[in-house]
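Engineer: Structure file run07.cif (mmCIF, C-alpha atoms and all ligand atoms) right here:
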```cif
data_data
#
loop_
_atom_site.label_atom_id
_atom_site.label_comp_id
_atom_site.auth_asym_id
_atom_site.auth_seq_id
_atom_site.Cartn_x
_atom_site.Cartn_y
_atom_site.Cartn_z
CA MET T 107 19.70 134.29 48.79
CA ILE T 108 18.84 137.66 47.27
CA ALA T 109 15.80 139.53 48.63
CA VAL T 110 14.04 142.05 46.38
CA LEU T 111 11.48 144.59 47.61
CA CYS T 112 8.92 144.69 44.82
CA GLY T 113 6.09 146.75 43.45
CA GLY T 114 4.63 145.87 40.06
CA VAL T 115 5.97 146.26 36.56
CA GLY T 116 9.50 147.58 37.21
CA ALA T 117 10.11 145.02 39.93
CA ALA T 118 8.78 142.20 37.78
CA ARG T 119 11.14 143.19 34.98
CA PHE T 120 14.05 143.35 37.41
CA LEU T 121 13.28 139.90 38.89
CA GLY T 122 13.19 138.56 35.34
CA ALA T 123 16.57 140.15 34.63
CA LEU T 124 17.97 138.86 37.92
CA SER T 125 17.14 135.29 36.86
CA HIS T 126 19.86 135.60 34.19
CA VAL T 127 22.42 136.32 36.92
CA VAL T 128 21.44 134.21 39.93
CA ASP T 129 19.48 130.98 40.28
CA PRO T 130 15.79 132.00 40.45
CA SER T 131 15.26 129.56 43.31
CA ASP T 132 17.77 131.67 45.27
CA THR T 133 15.67 134.84 44.91
CA VAL T 134 12.81 136.01 47.13
CA GLY T 135 10.47 138.77 45.99
CA ILE T 136 8.75 140.60 48.87
CA VAL T 137 5.79 142.17 47.14
CA ASN T 138 3.65 145.21 47.94
CA THR T 139 0.02 144.37 48.73
CA ALA T 140 -1.27 147.85 49.49
CA ASP T 141 -2.59 148.16 45.89
CA ASP T 142 -4.86 145.19 46.57
CA THR T 143 -8.58 145.63 46.21
CA VAL T 144 -11.86 143.72 46.41
CA LEU T 145 -14.13 144.04 43.38
CA HIS T 146 -17.06 141.76 42.47
CA GLY T 147 -16.34 140.16 45.85
CA LEU T 148 -12.97 138.98 44.48
CA ALA T 149 -9.62 139.51 46.26
CA ILE T 150 -7.37 141.13 43.64
CA CYS T 151 -3.61 141.50 44.21
CA PRO T 152 -2.24 143.48 41.23
CA ASP T 153 1.44 143.64 42.17
CA LEU T 154 1.61 139.96 43.17
CA ASP T 155 -0.15 139.01 39.92
CA THR T 156 2.00 141.31 37.75
CA VAL T 157 5.18 139.79 39.19
CA THR T 158 3.86 136.21 38.98
CA TYR T 159 2.58 136.56 35.42
CA THR T 160 5.79 138.29 34.28
CA LEU T 161 8.03 135.58 35.73
CA ALA T 162 5.74 132.97 34.16
CA ASN T 163 6.17 134.73 30.80
CA ALA T 164 2.38 135.03 30.72
CA ILE T 165 2.09 138.82 31.22
CA ASP T 166 0.55 140.94 28.51
CA PRO T 167 3.64 142.85 27.29
CA ASP T 168 1.75 145.92 26.13
CA ARG T 169 -0.41 146.46 29.20
CA GLY T 170 2.25 145.38 31.68
CA TRP T 171 -0.51 143.80 33.75
CA GLY T 172 -2.96 140.92 33.27
CA LEU T 173 -2.46 138.00 30.96
CA SER T 174 -1.53 137.81 27.29
CA ASP T 175 -4.00 136.24 24.82
CA GLU T 176 -6.76 137.65 26.99
CA SER T 177 -10.48 138.02 26.21
CA TRP T 178 -12.95 140.30 27.98
CA ARG T 179 -16.30 138.50 27.56
CA ALA T 180 -17.17 138.61 31.28
CA MET T 181 -16.49 142.35 31.43
CA GLU T 182 -18.56 142.93 28.28
CA ALA T 183 -21.41 140.88 29.80
CA LEU T 184 -21.25 143.01 32.98
CA GLN T 185 -22.02 146.16 31.06
CA ARG T 186 -25.66 145.01 30.67
CA TYR T 187 -26.06 145.16 34.46
CA ALA T 188 -24.00 148.31 34.92
CA ASP T 189 -26.64 149.99 32.77
CA VAL T 190 -29.46 149.10 35.19
CA ARG T 191 -27.76 149.20 38.60
CA PRO T 192 -29.22 151.65 41.14
CA GLN T 193 -27.36 154.94 41.57
CA ARG T 194 -25.88 154.07 44.98
CA SER T 195 -24.77 150.58 43.93
CA VAL T 196 -21.14 149.73 43.26
CA ALA T 197 -22.05 146.37 41.70
CA ALA T 198 -20.70 145.49 38.24
CA PRO T 199 -17.80 147.99 38.28
CA THR T 200 -16.56 148.11 34.70
CA TRP T 201 -13.73 150.63 35.26
CA PHE T 202 -11.30 147.93 36.43
CA ASN T 203 -10.69 145.51 33.58
CA LEU T 204 -10.50 141.84 34.53
CA GLY T 205 -9.70 139.50 31.65
CA ASP T 206 -11.47 136.15 31.41
CA ARG T 207 -8.28 134.17 32.06
CA ASP T 208 -7.21 136.56 34.84
CA LEU T 209 -10.53 135.91 36.60
CA ALA T 210 -9.41 132.35 37.34
CA THR T 211 -6.64 133.70 39.56
CA HIS T 212 -9.06 135.89 41.50
CA PHE T 213 -11.59 133.05 41.81
CA TYR T 214 -8.93 130.75 43.22
CA ARG T 215 -7.33 133.26 45.59
CA THR T 216 -10.69 134.42 46.91
CA ALA T 217 -11.91 130.88 47.53
CA ARG T 218 -8.69 129.86 49.29
CA LEU T 219 -8.69 132.96 51.52
CA GLY T 220 -12.33 132.19 52.27
CA GLU T 221 -11.25 128.73 53.49
CA GLY T 222 -8.82 130.39 55.91
CA ALA T 223 -5.63 130.13 53.87
CA THR T 224 -3.19 132.99 54.32
CA LEU T 225 -2.20 135.24 51.42
CA SER T 226 1.33 133.81 51.74
CA GLU T 227 0.00 130.26 51.31
CA VAL T 228 -2.18 131.16 48.36
CA THR T 229 0.65 133.12 46.72
CA ALA T 230 2.90 130.05 46.95
CA GLU T 231 0.14 127.89 45.39
CA ILE T 232 -0.37 130.36 42.53
CA CYS T 233 3.40 130.50 41.90
CA ALA T 234 3.50 126.69 41.82
CA ALA T 235 0.59 126.63 39.38
CA TRP T 236 2.57 128.94 37.06
CA GLN T 237 5.87 127.12 37.69
CA VAL T 238 7.46 130.33 38.93
CA ARG T 239 10.80 129.31 40.48
CA GLN T 240 11.43 132.52 42.43
CA ARG T 241 9.80 132.60 45.85
CA LEU T 242 7.21 135.38 46.05
CA VAL T 243 5.81 136.47 49.37
CA PRO T 244 3.32 139.23 50.15
CA MET T 245 4.76 141.90 52.42
CA SER T 246 2.07 141.00 54.95
CA ASP T 247 -0.82 138.55 55.36
CA GLN T 248 -2.81 141.31 56.98
CA ARG T 249 -4.66 143.97 55.05
CA VAL T 250 -2.79 147.20 54.28
CA SER T 251 -4.54 149.64 51.93
CA THR T 252 -3.12 152.67 50.21
CA VAL T 253 -5.47 155.63 50.48
CA VAL T 254 -4.75 158.62 48.25
CA THR T 255 -5.97 162.09 49.26
CA LEU T 256 -6.66 164.15 46.16
CA ALA T 257 -6.04 167.85 45.79
CA ASP T 258 -9.81 168.38 45.79
CA GLY T 259 -9.83 166.89 49.31
CA GLY T 260 -11.40 163.51 48.63
CA ASP T 261 -9.88 160.16 49.62
CA VAL T 262 -9.80 157.34 47.08
CA SER T 263 -8.36 153.85 47.03
CA PHE T 264 -5.16 153.32 45.12
CA GLN T 265 -6.94 151.57 42.23
CA GLU T 266 -9.56 154.31 41.97
CA TYR T 267 -6.69 156.81 41.76
CA PHE T 268 -4.56 154.76 39.39
CA VAL T 269 -7.19 153.22 37.10
CA LYS T 270 -10.54 154.98 37.51
CA LEU T 271 -8.95 158.45 37.57
CA HIS T 272 -6.02 157.38 35.32
CA HIS T 273 -3.74 158.88 38.03
CA GLY T 274 -4.41 162.14 36.24
CA VAL T 275 -5.32 164.10 39.37
CA PRO T 276 -2.85 165.74 41.78
CA VAL T 277 -2.46 164.11 45.20
CA THR T 278 -1.83 165.90 48.48
CA ALA T 279 -1.27 162.88 50.74
CA VAL T 280 -0.87 159.12 50.70
CA ARG T 281 -1.40 156.86 53.70
CA PHE T 282 -1.28 153.13 54.28
CA VAL T 283 -4.28 152.11 56.33
CA GLY T 284 -3.52 149.10 58.49
CA ALA T 285 0.27 149.39 58.21
CA SER T 286 0.78 150.20 61.89
CA GLU T 287 -1.13 147.06 62.96
CA ALA T 288 0.13 144.73 60.21
CA THR T 289 3.23 142.57 60.61
CA LEU T 290 5.56 141.13 57.99
CA ALA T 291 4.34 137.89 56.45
CA PRO T 292 5.75 134.73 58.09
CA GLY T 293 9.44 134.24 57.36
CA VAL T 294 9.97 137.68 55.83
CA GLU T 295 11.80 139.11 58.83
CA GLY T 296 14.22 136.17 58.65
CA ILE T 297 14.64 136.68 54.91
CA LEU T 298 15.46 140.38 55.36
CA LYS T 299 18.00 139.56 58.07
CA SER T 300 19.67 136.59 56.37
CA ALA T 301 19.64 137.66 52.71
CA GLU T 302 23.10 138.01 51.19
CA CYS T 303 21.87 141.36 49.90
CA ILE T 304 18.63 143.25 49.52
CA VAL T 305 17.63 145.07 46.35
CA ILE T 306 14.95 147.76 46.35
CA ALA T 307 13.54 147.25 42.85
CA PRO T 308 12.86 150.16 40.46
CA SER T 309 9.31 150.59 41.74
CA ASN T 310 7.40 153.65 42.91
CA PRO T 311 9.19 154.76 46.10
CA ILE T 312 5.93 156.18 47.54
CA VAL T 313 3.15 153.68 46.83
CA SER T 314 5.06 150.48 46.01
CA ILE T 315 8.11 150.52 48.31
CA GLY T 316 6.51 152.90 50.81
CA PRO T 317 3.91 150.41 52.10
CA ILE T 318 6.60 147.77 52.70
CA ARG T 319 8.71 150.27 54.64
CA ALA T 320 5.61 151.38 56.57
CA LEU T 321 5.60 148.00 58.34
CA ALA T 322 7.29 148.66 61.67
CA GLU T 323 9.96 145.97 61.39
CA VAL T 324 11.30 146.89 57.97
CA ASP T 325 13.27 150.17 58.17
CA PRO T 326 15.16 149.15 61.34
CA ILE T 327 16.22 145.87 59.70
CA LEU T 328 17.29 147.60 56.48
CA ALA T 329 19.07 150.44 58.32
CA ALA T 330 21.01 147.91 60.40
CA ARG T 331 22.42 146.38 57.21
CA ARG T 332 22.21 149.35 54.85
CA SER T 333 25.66 148.64 53.32
CA SER T 334 24.20 145.49 51.74
CA VAL T 335 21.01 147.19 50.61
CA VAL T 336 21.02 148.65 47.10
CA ALA T 337 18.21 150.60 45.49
CA ILE T 338 17.63 151.02 41.77
CA SER T 339 16.20 154.39 40.89
CA PRO T 340 12.78 154.20 39.19
CA ILE T 341 13.28 157.81 38.12
CA ILE T 342 15.46 158.35 35.05
CA GLY T 343 16.09 161.84 33.76
CA GLY T 344 13.50 163.15 36.22
CA ALA T 345 10.76 160.92 34.87
CA ALA T 346 9.22 157.56 35.68
CA LEU T 347 9.32 154.96 32.91
CA LYS T 348 5.74 154.00 33.70
CA GLY T 349 3.11 155.26 36.12
CA PRO T 350 2.83 158.39 38.26
CA ALA T 351 5.99 158.10 40.42
CA ASP T 352 7.49 161.35 39.13
CA ARG T 353 4.33 163.41 39.60
CA MET T 354 3.63 161.87 43.01
CA LEU T 355 7.14 162.71 44.20
CA ASN T 356 6.66 166.34 43.17
CA GLU T 357 3.10 166.59 44.50
CA LEU T 358 4.17 165.15 47.86
CA GLY T 359 7.03 167.60 48.28
CA HIS T 360 9.93 165.48 47.10
CA GLU T 361 12.16 166.06 44.09
CA SER T 362 11.35 163.93 41.05
CA SER T 363 14.97 163.02 40.41
CA VAL T 364 17.58 160.52 41.51
CA VAL T 365 18.43 163.02 44.28
CA GLY T 366 14.84 162.97 45.51
CA VAL T 367 14.94 159.18 45.46
CA ALA T 368 18.28 159.19 47.33
CA ARG T 369 16.82 161.39 50.07
CA LEU T 370 14.01 158.86 50.54
CA TYR T 371 16.24 155.77 50.51
CA SER T 372 19.46 156.95 52.22
CA PRO T 373 18.33 155.84 55.72
CA VAL T 374 17.95 152.24 54.54
CA ALA T 375 20.27 151.72 51.56
CA ALA T 376 23.92 152.67 51.00
CA THR T 377 23.88 152.55 47.19
CA LEU T 378 21.61 154.00 44.54
CA VAL T 379 21.93 152.68 40.99
CA ILE T 380 21.27 155.46 38.49
CA ASP T 381 21.14 155.64 34.70
CA PRO T 382 23.98 157.40 32.79
CA VAL T 383 21.54 160.15 31.84
CA ASP T 384 21.70 161.17 35.52
CA ALA T 385 25.48 160.83 35.88
CA HIS T 386 25.83 164.59 36.45
CA LEU T 387 23.68 164.20 39.57
CA ALA T 388 25.96 161.58 41.15
CA PRO T 389 27.64 164.17 43.45
CA ALA T 390 24.22 165.33 44.65
CA VAL T 391 23.19 161.71 45.27
CA GLU T 392 26.34 161.31 47.38
CA ASP T 393 25.51 164.55 49.24
CA ALA T 394 22.14 162.96 50.01
CA GLY T 395 24.04 160.14 51.72
CA MET T 396 24.09 157.38 49.10
CA ARG T 397 26.86 156.06 46.89
CA ALA T 398 25.87 156.50 43.24
CA VAL T 399 26.56 153.63 40.88
CA ILE T 400 25.98 154.39 37.21
CA THR T 401 24.72 151.81 34.73
CA PRO T 402 22.00 151.71 32.07
CA SER T 403 18.74 151.25 33.97
CA VAL T 404 16.19 150.96 31.18
CA MET T 405 15.77 147.20 30.83
CA SER T 406 15.06 147.38 27.11
CA SER T 407 16.93 144.15 26.42
CA PRO T 408 17.77 141.02 28.42
CA GLU T 409 21.46 141.96 28.23
CA ILE T 410 20.87 145.42 29.74
CA GLY T 411 18.65 143.86 32.39
CA ALA T 412 21.24 141.25 33.27
CA GLU T 413 23.98 143.90 33.48
CA LEU T 414 21.75 146.06 35.72
CA ALA T 415 21.23 143.03 37.97
CA ARG T 416 24.94 142.21 38.00
CA VAL T 417 25.97 145.78 38.83
CA SER T 418 23.33 146.04 41.55
CA LEU T 419 24.44 142.82 43.28
CA LEU T 420 28.08 143.83 43.02
CA ALA T 421 27.29 147.22 44.55
CA ALA T 422 25.58 145.55 47.48
CA SER T 423 28.41 143.13 48.15
CA VAL T 424 31.55 145.25 47.89
CA GLN T 425 31.18 147.66 50.78
N1 LIG C 1 -4.36 149.01 35.27
C1 LIG C 1 -5.05 149.86 34.47
O1 LIG C 1 -4.51 150.93 34.11
N2 LIG C 1 -6.32 149.58 34.03
C2 LIG C 1 -6.97 148.44 34.39
O2 LIG C 1 -8.12 148.23 34.00
C3 LIG C 1 -6.25 147.49 35.22
C4 LIG C 1 -6.83 146.28 35.58
C5 LIG C 1 -6.04 145.36 36.33
C6 LIG C 1 -6.54 144.10 36.63
C7 LIG C 1 -5.76 143.19 37.33
C8 LIG C 1 -4.48 143.54 37.74
O3 LIG C 1 -3.71 142.65 38.41
C9 LIG C 1 -3.94 144.80 37.44
C10 LIG C 1 -4.73 145.72 36.74
N3 LIG C 1 -4.22 146.98 36.42
C11 LIG C 1 -4.94 147.85 35.64
C12 LIG C 1 -2.90 147.42 36.92
C13 LIG C 1 -3.10 147.82 38.36
O4 LIG C 1 -3.80 149.03 38.45
C14 LIG C 1 -1.76 147.96 39.13
O5 LIG C 1 -2.04 148.24 40.44
C15 LIG C 1 -0.84 149.01 38.52
O6 LIG C 1 -0.16 148.36 37.53
C16 LIG C 1 0.13 149.61 39.53
O7 LIG C 1 0.85 148.58 40.17
#
```
So, in terms of structure tokens, how does the structure I just supplied come out?
Structural biologist:
Amino acid sequence: MIAVLCGGVGAARFLGALSHVVDPSDTVGIVNTADDTVLHGLAICPDLDTVTYTLANAIDPDRGWGLSDESWRAMEALQRYADVRPQRSVAAPTWFNLGDRDLATHFYRTARLGEGATLSEVTAEICAAWQVRQRLVPMSDQRVSTVVTLADGGDVSFQEYFVKLHHGVPVTAVRFVGASEATLAPGVEGILKSAECIVIAPSNPIVSIGPIRALAEVDPILAARRSSVVAISPIIGGAALKGPADRMLNELGHESSVVGVARLYSPVAATLVIDPVDAHLAPAVEDAGMRAVITPSVMSSPEIGAELARVSLLAASVQ
């Protein structure tokens, strides 16, 4: 069984690529839940939904989140009320776009959680509903929330930072509220200990992989088996393919490069997979304590994705 630590888009793409190399039913995605938010009273789990919808071939390919063939009638109807809501009210938020089909997922998850189901249970039900063969588990069934401190001093939730502010504002700190009390979801500790290898997907090292590692059990387990843990750099040529990972690394005092990523991951992973464009930095990655393995990392075709998956698994097995 292959375990993959997942954020959103990059991890979803990698899990899809991995399914060309290993049986999907032999893959477990451990997914970040610190992006989760409650809006309109609905429990929304963006990374879990992005991974589920991608593996179900239902993701909207342009947005990278939400469903394809989507309509926005409910959001349009909300605008009427947003126009009259009192100043202090947060009702009818229209800054976070929820498609009409996507709403069904939030209705179902919210109702099931309200009946006392755990997020792990509901995630398994949603995967079954979409016939997703990989096993997806939330990192924790307890609430962990990313809080971003902006350069102007204010604290905002991850989604306010990422969506409402279009992640266009510098950050000075990121913290994961609840991480010190939360525990891994049921079975995840066993998965991390028994997996043939563990892949850290090409997700944001700070706000996608960071929350998973903030759970007390995780780093010690990974460090104890670091030779069979391989990370795929989400930074290529100093930039992130999507999202603010590069800027966040710089703003939080790290280097926005494969070397900066290696410094973050070297305590828990022996190998960093980097794109050929960063081949000249391989010695510096090794100086940072990780073996550099070079292979095309932009999954622009199924073949490239499959090769990235194959190289990553090989790197984690031959130690
Ligand atoms: N990202 C946006 O940039 N704008 C949105 O309006 C938006 C809505 C949204 C709704 C459901 C969902 O599952 C994801 C959504 N995302 C949106 C993406 C979300 O912000 C994710 O957290 C990011 O993709 C980072 O993982």
Engineer: Kindly provide, as a list in words, all nucleotide and amino acid residues lying within 6 Å of ligand LIG 1 (chain C), counting all atoms listed in the file.
Structural biologist: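 The residues near ligand LIG 1 (chain C) are Gly114, Asp141, Cys151, Pro152, Asp153, Asp155, Thr156, Trp171, Gly172, Phe202, Asn203, Leu204, Gln265, Phe268 and Val269 of chain T.
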Engineer: Please measure the separation of atom CA of T:Asp381 and atom CA of T:Val324, giving the value in Å to one decimal.
Structural biologist: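 Computing the Euclidean distance for atom CA of T:Asp381 and atom CA of T:Val324 yields 26.7 Å.
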Engineer: Take atom CA of T:Leu256 and atom CA of T:Leu111 and report the distance between them in Å, one decimal.
Structural biologist: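 Calculated distance between atom CA of T:Leu256 and atom CA of T:Leu111 is 26.7 Å.
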Engineer: I'd like the neighbourhood of T:Arg281 as a ChimeraX atom specification, where a residue qualifies if any of its atoms comes within 9 Å (using all atoms listed in the file), though same-chain residues fewer than 2 positions away should be ignored.
Structural biologist: /T:251-255,279,283,285,313,317
Engineer: Counting all atoms listed in the file, figure out which residue out of T:Ala376, T:Ala368, T:Ala346, T:Ile341 gets nearest to T:Ala394.
Structural biologist: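 So, comparing all the options, the nearest one is T:Ala368.
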Engineer: Quote the spacing between atom CA of T:Asp258 and atom CA of T:Gly349 in Å to one decimal place.
Structural biologist: 20.8 Å
Engineer: With distances taken over all atoms listed in the file, which of T:Val277, T:Ala180, T:Leu148, T:Leu161 is nearest to T:Arg215?
Structural biologist: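 Looking at the shortest contact to T:Arg215, the residue is T:Leu148.
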Engineer: Which is closer to T:Thr139 than all the others in T:Glu361, T:Asp247, T:Glu227, T:Asp206, using only C-alpha atoms?
Structural biologist: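 Smallest separation from T:Thr139 among the options: T:Asp247.
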Engineer: Closest to T:Glu295 among T:Val157, T:Ile318, T:Val144, T:Ala123, using only C-alpha atoms?
Structural biologist: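 Checking each of T:Val157, T:Ile318, T:Val144, T:Ala123 against T:Glu295, counting only C-alpha atoms, the winner is T:Ile318.
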Engineer: Can you work out which one of T:Gly343, T:Gly359, T:Pro311, T:Pro167 has the shortest atom-to-atom distance to T:Ile380, counting all atoms listed in the file?
Structural biologist: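 Selected residue with least distance to T:Ile380: T:Gly343.
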Engineer: Extract, using only C-alpha atoms, all DNA, RNA and protein residues at most 10 Å from T:Gly395, discarding same-chain residues fewer than 2 positions from it, and format them as a PyMOL selection string.
Structural biologist: chain T and resi 365+368-369+371-373+375-378+389-393+397-398
Engineer: Write the residues of the selection above to a file with C-alpha atoms, as a compact mmCIF listing (two decimals), in the coordinates of the input.
Structural biologist:
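As written to disk, result-v2.txt reads:
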```
# COMPACT_ATOMS: atom_id res chain seq x y z
CA VAL T 365 18.43 163.02 44.28
CA ALA T 368 18.28 159.19 47.33
CA ARG T 369 16.82 161.39 50.07
CA TYR T 371 16.24 155.77 50.51
CA SER T 372 19.46 156.95 52.22
CA PRO T 373 18.33 155.84 55.72
CA ALA T 375 20.27 151.72 51.56
CA ALA T 376 23.92 152.67 51.00
CA THR T 377 23.88 152.55 47.19
CA LEU T 378 21.61 154.00 44.54
CA PRO T 389 27.64 164.17 43.45
CA ALA T 390 24.22 165.33 44.65
CA VAL T 391 23.19 161.71 45.27
CA GLU T 392 26.34 161.31 47.38
CA ASP T 393 25.51 164.55 49.24
CA ARG T 397 26.86 156.06 46.89
CA ALA T 398 25.87 156.50 43.24
```
Engineer: Looking at T:Glu302, T:Asp261, T:Asp352, T:Glu323, which one is nearest to T:Ala288, with distances taken over all atoms listed in the file?
Structural biologist: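 Among T:Glu302, T:Asp261, T:Asp352, T:Glu323, it is T:Glu323 that comes nearest to T:Ala288.
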Engineer: Could you give me, as a list in words, the residues within 10 Å of T:Ile342, counting only C-alpha atoms and dropping anything in the same chain fewer than 4 positions from it?
Structural biologist: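 Residues meeting the cut-off are Ala346, Leu347, Asp352, Ser362, Ser363, Val364, Ile380, Asp381, Pro382, Val383, Asp384, Pro402, Ser403 and Val404 of chain T.
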Engineer: Need the neighbours of (2.5, 166.0, 47.2): which residues are at most 9 Å away, counting all atoms listed in the file, as a VMD selection string?
Structural biologist: chain T and resid 257 276 to 280 353 to 360
Engineer: Export stretch 336-358 of chain T of the preceding structure, keeping C-alpha atoms, as a CSV table (one decimal), in the first residue's frame.
Structural biologist:
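Saved the output as result.csv:
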```csv
chain,number,residue,atom,x,y,z
T,336,VAL,CA,9.9,10.6,-0.9
T,337,ALA,CA,8.7,14.2,-1.5
T,338,ILE,CA,7.9,15.7,-4.9
T,339,SER,CA,8.8,19.4,-5.0
T,340,PRO,CA,5.9,21.7,-5.7
T,341,ILE,CA,8.3,24.4,-6.6
T,342,ILE,CA,9.8,24.2,-10.1
T,343,GLY,CA,12.3,26.9,-11.2
T,344,GLY,CA,11.6,28.8,-8.1
T,345,ALA,CA,7.9,29.1,-8.7
T,346,ALA,CA,4.7,27.2,-7.8
T,347,LEU,CA,2.7,25.8,-10.6
T,348,LYS,CA,-0.5,27.0,-9.0
T,349,GLY,CA,-1.3,29.0,-5.8
T,350,PRO,CA,0.9,31.0,-3.4
T,351,ALA,CA,3.5,28.4,-2.3
T,352,ASP,CA,6.4,30.3,-3.7
T,353,ARG,CA,5.5,33.7,-2.2
T,354,MET,CA,4.5,32.1,1.1
T,355,LEU,CA,7.9,30.4,1.3
T,356,ASN,CA,9.7,33.7,0.8
T,357,GLU,CA,7.4,35.7,3.1
T,358,LEU,CA,7.9,33.1,5.9
```
